[in-house]
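Next comes data08.cif, with mmCIF, C-alpha atoms.
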```cif
data_data
loop_
_atom_site.label_atom_id
_atom_site.label_comp_id
_atom_site.auth_asym_id
_atom_site.auth_seq_id
_atom_site.Cartn_x
_atom_site.Cartn_y
_atom_site.Cartn_z
CA ALA N 1 160.14 109.09 56.99
CA ALA N 2 162.04 107.65 59.93
CA SER N 3 162.57 109.88 62.95
CA ASP N 4 165.40 109.96 65.44
CA VAL N 5 164.86 108.37 68.86
CA TYR N 6 165.08 111.17 71.41
CA LYS N 7 165.74 108.92 74.39
CA ARG N 8 165.87 105.17 74.89
CA GLN N 9 166.11 103.31 78.17
CA ASP N 10 165.93 99.52 78.38
CA LEU N 11 164.13 98.40 81.54
CA THR N 12 164.58 94.84 82.79
CA TYR N 13 162.29 93.25 85.35
CA PRO N 14 162.16 89.64 86.62
CA GLY N 15 159.56 87.13 85.49
CA HIS N 16 157.33 87.11 82.42
CA VAL N 17 156.42 90.78 81.83
CA ARG N 18 153.42 92.06 79.83
CA SER N 19 150.99 94.98 79.51
CA PRO N 20 153.24 97.99 80.31
CA ARG N 21 151.34 101.26 80.81
CA LEU N 22 152.82 104.77 81.13
CA VAL N 23 151.07 107.77 82.71
CA THR N 24 152.60 111.23 83.04
CA ALA N 25 153.30 112.41 86.61
CA GLY N 26 153.80 116.13 86.14
CA SER N 27 156.52 117.65 83.97
CA ALA N 28 159.42 115.55 85.24
CA SER N 29 158.19 112.02 86.01
CA LEU N 30 156.31 109.03 84.65
CA HIS N 31 154.20 106.37 86.34
CA LEU N 32 155.00 102.91 84.94
CA PHE N 33 152.68 99.96 85.55
CA TRP N 34 153.12 96.42 84.31
CA VAL N 35 151.92 92.88 84.91
CA THR N 36 154.34 90.06 85.68
CA ARG N 37 154.32 86.39 86.62
CA GLN N 38 157.23 84.57 88.21
CA PRO N 39 158.29 81.17 86.84
CA GLY N 40 156.16 78.46 88.42
CA ASP N 41 153.46 80.87 89.64
CA LEU N 42 149.89 80.85 88.34
CA ASP N 43 148.90 84.42 89.24
CA TRP N 44 149.74 87.61 87.35
CA GLU N 45 150.77 90.51 89.63
CA LEU N 46 150.42 94.28 89.13
CA TRP N 47 153.69 96.17 89.68
CA TYR N 48 154.66 99.85 89.69
CA GLN N 49 157.71 102.09 89.45
CA LEU N 50 158.20 105.87 89.25
CA LEU N 51 160.53 106.95 86.44
CA ALA N 52 162.23 110.15 85.40
CA LEU N 53 161.45 111.38 81.87
CA ASP N 54 164.70 109.86 80.61
CA GLY N 55 163.62 106.42 81.88
CA GLN N 56 165.91 106.34 84.90
CA SER N 57 164.42 104.87 88.07
CA SER N 58 163.07 107.31 90.65
CA SER N 59 161.78 104.62 93.02
CA GLN N 60 162.09 100.91 93.68
CA PRO N 61 159.63 98.59 91.92
CA LYS N 62 156.73 97.52 94.14
CA MET N 63 153.79 95.17 93.85
CA LEU N 64 150.33 96.75 94.06
CA THR N 65 148.20 93.61 94.25
CA GLU N 66 148.03 90.96 96.93
CA LYS N 67 149.38 87.46 96.64
CA GLY N 68 146.70 85.02 95.59
CA THR N 69 144.92 87.43 93.24
CA SER N 70 145.50 87.67 89.50
CA VAL N 71 145.48 90.54 86.98
CA GLY N 72 144.03 90.22 83.51
CA HIS N 73 143.38 93.31 81.35
CA LEU N 74 144.30 96.69 82.85
CA GLU N 75 144.01 100.36 81.96
CA ALA N 76 145.77 103.34 83.58
CA HIS N 77 145.20 107.09 83.23
CA SER N 78 146.06 110.32 85.02
CA ASP N 79 143.85 111.32 87.95
CA GLY N 80 144.08 114.97 86.87
CA ASP N 81 146.45 115.85 89.74
CA ASN N 82 149.70 114.16 88.61
CA GLY N 83 148.70 110.88 90.23
CA ALA N 84 147.25 107.87 88.44
CA ILE N 85 144.23 105.57 88.55
CA VAL N 86 144.42 101.92 87.52
CA ILE N 87 141.47 99.63 86.83
CA TRP N 88 141.95 95.94 86.06
CA ASP N 89 140.00 92.72 85.81
CA LEU N 90 140.83 89.60 87.79
CA GLY N 91 141.13 87.36 84.75
CA GLY N 92 138.32 85.45 83.10
CA ASN N 93 135.05 87.04 84.16
CA ARG N 94 135.81 87.42 87.86
CA GLY N 95 135.26 91.13 88.37
CA LEU N 96 137.11 94.46 88.44
CA LYS N 97 139.23 96.42 90.90
CA VAL N 98 140.49 100.02 91.07
CA LEU N 99 143.21 101.92 92.93
CA ARG N 100 144.79 105.38 92.93
CA ILE N 101 148.36 106.48 93.59
CA ASP N 102 149.69 109.97 94.28
CA PRO N 103 152.37 111.84 92.24
CA ILE N 104 155.25 110.01 93.98
CA GLY N 105 153.68 106.58 93.72
CA ASP N 106 152.19 106.10 97.17
CA LEU N 107 148.85 104.30 97.36
CA ILE N 108 146.13 106.72 98.49
CA ASP N 109 142.90 104.85 97.66
CA GLY N 110 141.98 101.21 97.08
CA PRO N 111 142.13 98.63 95.86
CA HIS N 112 138.32 98.63 95.73
CA SER N 113 136.02 96.19 94.00
CA ILE N 114 133.96 97.77 91.21
CA ALA N 115 132.09 94.65 90.09
CA THR N 116 132.09 91.02 91.16
CA SER N 117 131.91 89.80 87.57
CA GLY N 118 133.06 91.26 84.25
CA ASN N 119 136.25 91.89 82.28
CA SER N 120 137.96 94.23 79.80
CA PRO N 121 137.58 97.50 81.77
CA THR N 122 137.98 100.87 80.10
CA PHE N 123 137.77 104.34 81.65
CA ARG N 124 138.49 108.06 81.39
CA VAL N 125 138.66 110.85 83.98
CA ASP N 126 136.78 114.04 83.09
CA PRO N 127 137.76 117.61 84.11
CA GLU N 128 135.29 117.51 87.03
CA GLY N 129 137.07 114.53 88.61
CA GLN N 130 134.53 111.90 87.59
CA VAL N 131 135.83 108.48 86.59
CA HIS N 132 133.67 107.06 83.78
CA THR N 133 134.09 103.30 83.59
CA ALA N 134 132.71 100.57 81.32
CA TRP N 135 133.32 96.86 80.98
CA LEU N 136 132.07 93.65 79.38
CA ASP N 137 130.04 90.98 81.19
CA ASN N 138 128.37 88.11 79.32
CA ARG N 139 128.14 89.95 75.98
CA ARG N 140 126.73 93.05 77.67
CA PHE N 141 128.40 96.39 78.38
CA PHE N 142 128.01 97.99 81.81
CA TYR N 143 128.81 101.53 82.96
CA ASN N 144 129.35 103.30 86.23
CA LYS N 145 130.69 106.64 87.41
CA LEU N 146 133.13 107.01 90.30
CA GLU N 147 134.67 110.07 91.93
CA VAL N 148 138.45 110.56 91.88
CA ASP N 149 138.38 111.37 95.61
CA ASP N 150 136.17 108.35 96.42
CA LEU N 151 136.70 105.26 94.29
CA SER N 152 134.30 103.06 96.23
CA ALA N 153 131.92 101.55 93.71
CA SER N 154 128.71 103.26 92.66
CA GLU N 155 125.65 101.70 91.06
CA MET N 156 126.33 100.13 87.67
CA VAL N 157 124.01 100.42 84.67
CA GLU N 158 123.68 98.07 81.69
CA ILE N 159 123.94 100.20 78.55
CA VAL N 160 124.30 97.74 75.63
CA ASP N 161 123.14 94.16 75.13
CA LEU N 162 125.12 92.99 72.10
CA VAL N 163 123.00 89.87 71.60
CA LYS N 164 119.72 91.80 71.83
CA TRP N 165 120.76 94.12 69.00
CA GLY N 166 122.17 91.27 66.90
CA THR N 167 125.66 92.72 66.71
CA LEU N 168 127.44 89.81 68.39
CA ASN N 169 126.58 86.22 67.53
CA THR N 170 127.40 83.41 69.93
CA SER N 171 129.09 81.28 67.25
CA GLY N 172 132.63 82.51 67.60
CA ASP N 173 132.66 86.18 66.57
CA ILE N 174 135.64 88.04 68.02
CA LEU N 175 134.99 91.19 70.08
CA GLN N 176 137.59 93.95 70.44
CA GLY N 177 136.89 96.43 73.20
CA PRO N 178 135.13 98.17 74.74
CA ALA N 179 137.01 101.49 74.59
CA LEU N 180 135.58 104.56 76.32
CA GLY N 181 136.04 108.20 75.36
CA ILE N 182 134.70 111.50 76.70
CA ALA N 183 134.31 114.98 75.19
CA ASP N 184 132.31 118.04 76.18
CA GLY N 185 129.97 116.24 78.57
CA TRP N 186 129.37 113.27 76.28
CA ILE N 187 130.32 109.66 77.02
CA TYR N 188 131.19 107.37 74.10
CA LEU N 189 131.78 103.64 74.03
CA PHE N 190 133.39 101.93 71.01
CA TRP N 191 134.08 98.34 70.02
CA SER N 192 134.65 96.21 66.93
CA ILE N 193 133.56 92.71 65.97
CA VAL N 194 135.25 90.31 63.55
CA SER N 195 132.67 87.94 62.05
CA LEU N 196 133.66 84.31 61.59
CA SER N 197 130.36 82.82 60.48
CA ASP N 198 127.31 83.20 58.23
CA THR N 199 127.22 85.72 55.40
CA GLU N 200 129.37 88.23 57.32
CA ALA N 201 132.33 85.85 57.69
CA GLY N 202 135.64 87.56 57.01
CA THR N 203 134.46 91.08 57.79
CA GLY N 204 134.94 93.45 60.71
CA VAL N 205 132.61 96.20 61.90
CA ALA N 206 133.07 99.04 64.38
CA GLU N 207 130.17 100.30 66.47
CA TYR N 208 129.51 102.86 69.18
CA VAL N 209 126.97 104.35 71.54
CA ALA N 210 126.97 107.86 72.99
CA PHE N 211 125.04 109.58 75.76
CA PRO N 212 125.22 112.84 77.74
CA ASN N 213 126.89 112.62 81.13
CA GLY N 214 124.33 111.47 83.68
CA SER N 215 121.96 109.90 81.15
CA PRO N 216 123.01 106.30 80.53
CA GLY N 217 120.39 103.79 79.51
CA ASP N 218 119.62 100.91 77.17
CA LEU N 219 121.29 102.21 74.01
CA GLN N 220 121.14 101.05 70.40
CA PRO N 221 124.56 100.68 68.75
CA GLU N 222 125.41 102.63 65.61
CA ARG N 223 127.86 101.53 62.93
CA ILE N 224 130.91 103.57 61.92
CA TRP N 225 131.27 103.75 58.14
CA ALA N 226 134.14 104.54 55.79
CA LEU N 227 134.72 104.19 52.07
CA PRO N 228 137.52 101.91 50.85
CA ALA N 229 138.52 104.17 47.93
CA GLU N 230 142.23 104.98 47.73
CA ASP N 231 141.39 108.59 46.83
CA GLN N 232 138.90 110.07 49.29
CA SER N 233 136.69 113.13 48.91
CA TYR N 234 137.47 115.52 51.79
CA GLN N 235 135.48 118.58 52.75
CA GLU N 236 136.15 121.37 55.23
CA SER N 237 134.99 120.55 58.75
CA LYS N 238 134.61 122.85 61.75
CA ASN N 239 135.56 121.12 64.99
CA SER N 240 137.79 121.66 68.02
CA LEU N 241 140.55 119.42 66.65
CA ALA N 242 143.24 120.03 64.06
CA LEU N 243 141.48 117.86 61.46
CA THR N 244 139.99 120.49 59.17
CA GLN N 245 139.40 118.14 56.21
CA LEU N 246 137.07 115.17 56.68
CA SER N 247 135.28 112.71 54.45
CA GLN N 248 131.84 113.44 55.82
CA PRO N 249 128.78 111.17 56.07
CA LYS N 250 127.03 113.22 53.38
CA HIS N 251 129.80 112.40 50.93
CA ILE N 252 129.58 108.71 51.71
CA ALA N 253 125.97 108.99 50.60
CA ASP N 254 127.02 110.94 47.50
CA ALA N 255 129.34 108.06 46.56
CA ALA N 256 126.51 105.51 46.84
CA ASP N 257 126.14 102.66 44.37
CA GLU N 258 122.61 101.38 43.79
CA HIS N 259 123.95 97.85 43.38
CA GLY N 260 125.53 97.85 46.81
CA GLU N 261 124.37 96.98 50.29
CA LEU N 262 121.96 99.19 52.23
CA VAL N 263 123.50 100.68 55.36
CA GLN N 264 122.26 103.40 57.70
CA PHE N 265 123.77 105.95 60.05
CA MET N 266 122.65 109.07 61.89
CA SER N 267 123.90 112.09 59.94
CA PRO N 268 124.53 115.39 61.77
CA ILE N 269 124.23 117.09 58.38
CA ALA N 270 120.82 115.68 57.48
CA GLY N 271 119.71 115.47 61.13
CA ASP N 272 118.15 112.09 60.47
CA TRP N 273 118.97 108.50 59.53
CA VAL N 274 120.60 108.34 56.10
CA ASP N 275 120.44 105.34 53.76
CA VAL N 276 123.72 104.55 52.01
CA TYR N 277 123.98 102.18 49.07
CA GLY N 278 127.43 101.16 48.02
CA ALA N 279 130.63 99.45 48.91
CA VAL N 280 131.91 100.33 52.36
CA SER N 281 135.12 99.22 54.01
CA SER N 282 134.90 95.53 54.91
CA TYR N 283 137.08 95.91 58.01
CA MET N 284 136.76 98.54 60.75
CA LEU N 285 138.82 97.38 63.73
CA SER N 286 140.64 98.39 66.92
CA PRO N 287 138.86 101.66 67.83
CA ALA N 288 141.05 103.84 70.07
CA PRO N 289 139.46 107.03 71.52
CA MET N 290 141.91 109.85 72.06
CA ILE N 291 143.55 110.59 75.40
CA GLY N 292 143.12 114.26 76.25
CA GLN N 293 140.26 116.72 76.70
CA GLN N 294 138.70 118.67 73.82
CA GLY N 295 135.25 119.76 72.77
CA ASP N 296 135.10 116.97 70.20
CA LEU N 297 136.36 113.42 70.26
CA ALA N 298 138.75 111.76 67.80
CA VAL N 299 138.91 107.98 67.48
CA ALA N 300 141.57 106.08 65.55
CA LEU N 301 140.61 102.85 63.76
CA ALA N 302 142.16 100.32 61.42
CA VAL N 303 140.15 100.49 58.18
CA SER N 304 140.43 98.43 55.01
CA GLN N 305 141.43 100.68 52.11
CA ASP N 306 142.33 100.12 48.47
CA ARG N 307 146.08 100.46 47.95
CA GLY N 308 147.44 100.05 44.42
CA GLY N 309 145.07 97.25 43.42
CA ASP N 310 145.33 95.54 46.80
CA THR N 311 143.48 96.07 50.09
CA GLN N 312 145.31 96.93 53.30
CA LEU N 313 144.31 97.99 56.78
CA GLN N 314 145.18 101.68 57.19
CA ILE N 315 144.69 104.03 60.15
CA ALA N 316 141.75 106.43 59.94
CA THR N 317 140.82 109.09 62.48
CA THR N 318 137.09 109.71 62.94
CA VAL N 319 135.71 112.80 64.69
CA PHE N 320 132.59 112.82 66.88
CA SER N 321 130.67 115.78 68.29
CA GLU N 322 127.67 115.63 70.65
CA GLY N 323 127.12 111.99 69.76
CA TYR N 324 127.34 112.47 65.99
CA ASN N 325 129.94 111.15 63.56
CA LEU N 326 131.35 114.17 61.68
CA GLY N 327 133.58 112.18 59.31
CA TYR N 328 137.07 110.75 59.05
CA ASN N 329 140.53 111.29 57.62
CA PHE N 330 143.36 108.83 57.04
CA ALA N 331 146.50 109.26 59.15
CA GLY N 332 148.79 107.93 56.42
CA LYS N 333 149.21 105.57 53.52
CA THR N 334 151.62 102.68 54.04
CA SER N 335 152.39 99.50 52.13
CA TYR N 336 151.62 97.02 54.90
CA ILE N 337 148.95 96.20 57.47
CA SER N 338 148.40 99.03 59.98
CA ASP N 339 146.64 98.15 63.24
CA HIS N 340 146.43 98.72 67.02
CA PRO N 341 146.48 102.55 66.99
CA VAL N 342 146.95 104.76 70.05
CA LEU N 343 145.71 108.37 69.84
CA ALA N 344 146.23 111.47 71.99
CA ALA N 345 145.32 115.16 71.74
CA ASP N 346 147.03 118.18 73.28
CA GLN N 347 145.46 121.37 74.61
CA SER N 348 145.67 123.01 71.17
CA GLY N 349 143.65 120.25 69.53
CA ASP N 350 146.61 118.74 67.70
CA LEU N 351 146.55 114.96 67.39
CA PHE N 352 149.28 112.36 67.86
CA VAL N 353 148.74 108.80 66.65
CA ALA N 354 151.04 105.76 66.75
CA TRP N 355 150.33 102.29 65.41
CA ARG N 356 151.88 98.91 64.73
CA GLU N 357 152.85 98.12 61.16
CA GLY N 358 153.22 94.84 59.26
CA SER N 359 151.86 91.35 59.83
CA SER N 360 154.03 90.87 62.93
CA GLY N 361 153.45 94.40 64.25
CA GLU N 362 157.13 94.90 65.06
CA THR N 363 157.43 98.28 63.32
CA ILE N 364 155.93 101.41 64.92
CA TYR N 365 154.64 104.35 62.86
CA PHE N 366 153.83 107.83 64.15
CA ALA N 367 151.83 110.72 62.68
CA THR N 368 150.76 114.11 64.02
CA THR N 369 149.00 117.30 62.99
CA THR N 370 151.48 119.65 64.70
CA PRO N 371 153.37 121.74 62.10
CA LYS N 372 156.63 121.67 64.05
CA ALA N 373 156.60 117.89 64.46
CA LYS N 374 155.54 117.27 60.87
CA ALA N 375 158.44 119.40 59.66
CA SER N 376 160.94 117.20 61.53
CA LEU N 377 159.53 113.84 60.43
#
```

Show this structure as structure tokens.
Amino acid sequence: AASDVYKRQDLTYPGHVRSPRLVTAGSASLHLFWVTRQPGDLDWELWYQLLALDGQSSSQPKMLTEKGTSVGHLEAHSDGDNGAIVIWDLGGNRGLKVLRIDPIGDLIDGPHSIATSGNSPTFRVDPEGQVHTAWLDNRRFFYNKLEVDDLSASEMVEIVDLVKWGTLNTSGDILQGPALGIADGWIYLFWSIVSLSDTEAGTGVAEYVAFPNGSPGDLQPERIWALPAEDQSYQESKNSLALTQLSQPKHIADAADEHGELVQFMSPIAGDWVDVYGAVSSYMLSPAPMIGQQGDLAVALAVSQDRGGDTQLQIATTVFSEGYNLGYNFAGKTSYISDHPVLAADQSGDLFVAWREGSSGETIYFATTTPKAKASL
């Protein structure tokens, strides 16, 4: 059902604008970041403005990067004290930078260089003020840990070699990610790969690694599995989130078909690797770990699912605990392609997910577990 728009404010900025990012700044303000390029210029610039909750300007727009540098992919999150941290790459594979602003938008740290090569940064800030950061460099994922109060770079560690594990071919496969999440002292890194060659052409897989805080290393990726059936078998699940019914790994095994493909995953129920025979979803794309702190981690993905004799990408939410995949639930059933989810959790463990709908992605859908919000949708 369609919901009413509580507040709308159209913001107009000069140049070609892309990649807007919003971060809360206490109970009354918002940090807005965006990237822009003026006509005739080659470099993309990082800009900032403080907004009131209704979208009205609380400060003048200002540029945060220097002339002569360029901004590629960026990510922004709260610093835990109503300020914000931004990490971005310099375009191509030319390295990463980080800065921090205070609650009123003044620069208080950085920009600092994190790495001299790499792209596609992702990060989260944990309750202890540690900034967990990962990025891609030459088909390998790297990780480092900064401190909110000192963003000067620390030693980086290679954690995944995608070529070594055979998950990313060099013949044109498309990588989405990485995307980092944290929960209860565990660090997770997610990504997806669309295959364009060989026997896997036309499929998409989602993978992850997980490790306790302070123990990164050379990690072997694990696949995330889901069944494509329109009607799923859900079982009660005990976790810190408001998803009490999950299709669990054990029940994927129960639905196995001896004529299908052999797949494996680590099951928290069996406590060991489990072999699964049977059809699994052919597309698992766009993993989006939740924003917010809980004992367990929820990740939204676009998953191929049977819908009335056809197959459509739908949004599933998968729950992880202490490195294990507990199972998944679907956020909704729609008639068109659902992709590019964004997921957040509140202090009660309720989840809020939004995604783009349709082949052009111009329609936005929203779902939540909160009883009050569900009653008004």

Using all atoms listed in the file, the shortest atom-to-atom distance to Asp79 in chain N among N:Leu146, N:Leu46, N:Leu151, N:Val125 belongs to N:Val125

**the PyMOL selection byres ((chain N and resi 346) around 10) resolved against shown file, as a ChimeraX atom specification** = /N:241,290-294,344-345,347-352,370

Translate the PyMOL selection byres ((chain N and resi 21-23) around 7), as applied to the file shown, into an explicit residue set as a PDB file with C-alpha atoms, in the coordinates of the input.
```pdb
ATOM      1  CA  SER N  19     150.990  94.980  79.510  1.00  0.00           C
ATOM      2  CA  PRO N  20     153.240  97.990  80.310  1.00  0.00           C
ATOM      3  CA  THR N  24     152.600 111.230  83.040  1.00  0.00           C
ATOM      4  CA  ALA N  25     153.300 112.410  86.610  1.00  0.00           C
ATOM      5  CA  LEU N  30     156.310 109.030  84.650  1.00  0.00           C
ATOM      6  CA  HIS N  31     154.200 106.370  86.340  1.00  0.00           C
ATOM      7  CA  LEU N  32     155.000 102.910  84.940  1.00  0.00           C
ATOM      8  CA  PHE N  33     152.680  99.960  85.550  1.00  0.00           C
ATOM      9  CA  TRP N  34     153.120  96.420  84.310  1.00  0.00           C
ATOM     10  CA  ALA N  76     145.770 103.340  83.580  1.00  0.00           C
ATOM     11  CA  HIS N  77     145.200 107.090  83.230  1.00  0.00           C
ATOM     12  CA  SER N  78     146.060 110.320  85.020  1.00  0.00           C
ATOM     13  CA  ALA N  84     147.250 107.870  88.440  1.00  0.00           C
TER      14      ALA N  84
END
```

Quiz prompt | Given the PyMOL selection byres ((chain N and resi 209) around 6), the residues it picks as a list in words | solution =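 Applying the expression gives Tyr188, Leu189, Tyr208, Ala210 and Pro221 of chain N.
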
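Minimum atom-to-atom distance to Lys238 in chain N, evaluated using all atoms listed in the file, belongs to N:Asp296 out of N:Asp89, N:Glu207, N:Asp296, N:Asp10.
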
- Message: Residues within 8 Å of Thr203 in chain N, please, as a list in words. Count all atoms listed in the file; anything in the same chain fewer than 4 positions from it doesn't count.
- Response: Val194, Ser195, Leu196, Ser282 and Tyr283 of chain N

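Taking all atoms listed in the file into account, Asp173 in chain N lies nearest to N:Gly204 out of the set N:Gly185, N:Gly204, N:Met156, N:Pro287.
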
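With distances taken over all atoms listed in the file, N:Ser281 is the one residue among N:Thr311, N:Ser281, N:Gln176, N:Asn213 lying closest to Ala226 in chain N.
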
- In Å to one decimal, how far is CA of Gly110 in chain N from CA of Val98 in chain N?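 Interatomic distance, CA of Val98 in chain N to CA of Gly110 in chain N: 6.3 Å.
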
Take the point (131.4, 118.7, 59.2) as written in the file and pick out every residue within 10 Å of it, counting all atoms listed in the file; give the list as an mmCIF file with C-alpha atoms, keeping the file's coordinate frame.
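Contents of part-v2.cif, as written:
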```cif
data_model
loop_
_atom_site.group_PDB
_atom_site.id
_atom_site.type_symbol
_atom_site.label_atom_id
_atom_site.label_comp_id
_atom_site.auth_asym_id
_atom_site.auth_seq_id
_atom_site.Cartn_x
_atom_site.Cartn_y
_atom_site.Cartn_z
ATOM 1 C CA GLN N 235 135.480 118.580 52.750
ATOM 2 C CA GLU N 236 136.150 121.370 55.230
ATOM 3 C CA SER N 237 134.990 120.550 58.750
ATOM 4 C CA LYS N 238 134.610 122.850 61.750
ATOM 5 C CA ASN N 239 135.560 121.120 64.990
ATOM 6 C CA THR N 244 139.990 120.490 59.170
ATOM 7 C CA GLN N 245 139.400 118.140 56.210
ATOM 8 C CA LEU N 246 137.070 115.170 56.680
ATOM 9 C CA SER N 247 135.280 112.710 54.450
ATOM 10 C CA GLN N 248 131.840 113.440 55.820
ATOM 11 C CA PRO N 249 128.780 111.170 56.070
ATOM 12 C CA LYS N 250 127.030 113.220 53.380
ATOM 13 C CA PRO N 268 124.530 115.390 61.770
ATOM 14 C CA ILE N 269 124.230 117.090 58.380
ATOM 15 C CA VAL N 319 135.710 112.800 64.690
ATOM 16 C CA PHE N 320 132.590 112.820 66.880
ATOM 17 C CA SER N 321 130.670 115.780 68.290
ATOM 18 C CA ASN N 325 129.940 111.150 63.560
ATOM 19 C CA LEU N 326 131.350 114.170 61.680
ATOM 20 C CA GLY N 327 133.580 112.180 59.310
ATOM 21 C CA TYR N 328 137.070 110.750 59.050
#
```

Might you pull out every residue within 12 Å of Leu285 in chain N, with all atoms listed in the file counted and same-chain residues fewer than 3 positions away left off, and present them as a PyMOL selection string? chain N and resi 174-179+190-195+203-207+223-226+281-282+288+299-304+313-317+337-341

Next item on the list: Quote the spacing between CA of Val280 in chain N and CA of Asp310 in chain N in Å to one decimal place.
Entry: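 Straight-line distance from CA of Val280 in chain N to CA of Asp310 in chain N works out to 15.3 Å.
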
CA of Arg356 in chain N to CA of Ala298 in chain N measures 18.6 Å

Hey, which of N:Gly91, N:Gly80, N:Pro121, N:Gly55 ends up closest to Asp43 in chain N? Count all atoms listed in the file.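 Nearest to Asp43 in chain N: N:Gly91.
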
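Restricting the calculation to all atoms listed in the file, the smallest distance between Gly181 in chain N and any of N:Ser233, N:Asn144, N:Thr122, N:Thr369 is found for N:Thr122.
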
Name the residues within 12 Å of (141.8, 107.6, 44.1), counting all atoms listed in the file in the file's coordinates, and put them as a PDB file with C-alpha atoms, in the frame of the given file.
```
ATOM      1  CA  LEU N 227     134.720 104.190  52.070  1.00  0.00           C
ATOM      2  CA  PRO N 228     137.520 101.910  50.850  1.00  0.00           C
ATOM      3  CA  ALA N 229     138.520 104.170  47.930  1.00  0.00           C
ATOM      4  CA  GLU N 230     142.230 104.980  47.730  1.00  0.00           C
ATOM      5  CA  ASP N 231     141.390 108.590  46.830  1.00  0.00           C
ATOM      6  CA  GLN N 232     138.900 110.070  49.290  1.00  0.00           C
ATOM      7  CA  SER N 233     136.690 113.130  48.910  1.00  0.00           C
ATOM      8  CA  TYR N 234     137.470 115.520  51.790  1.00  0.00           C
ATOM      9  CA  GLN N 305     141.430 100.680  52.110  1.00  0.00           C
ATOM     10  CA  ASP N 306     142.330 100.120  48.470  1.00  0.00           C
ATOM     11  CA  ARG N 307     146.080 100.460  47.950  1.00  0.00           C
ATOM     12  CA  GLY N 308     147.440 100.050  44.420  1.00  0.00           C
ATOM     13  CA  GLY N 309     145.070  97.250  43.420  1.00  0.00           C
TER      14      GLY N 309
END
```
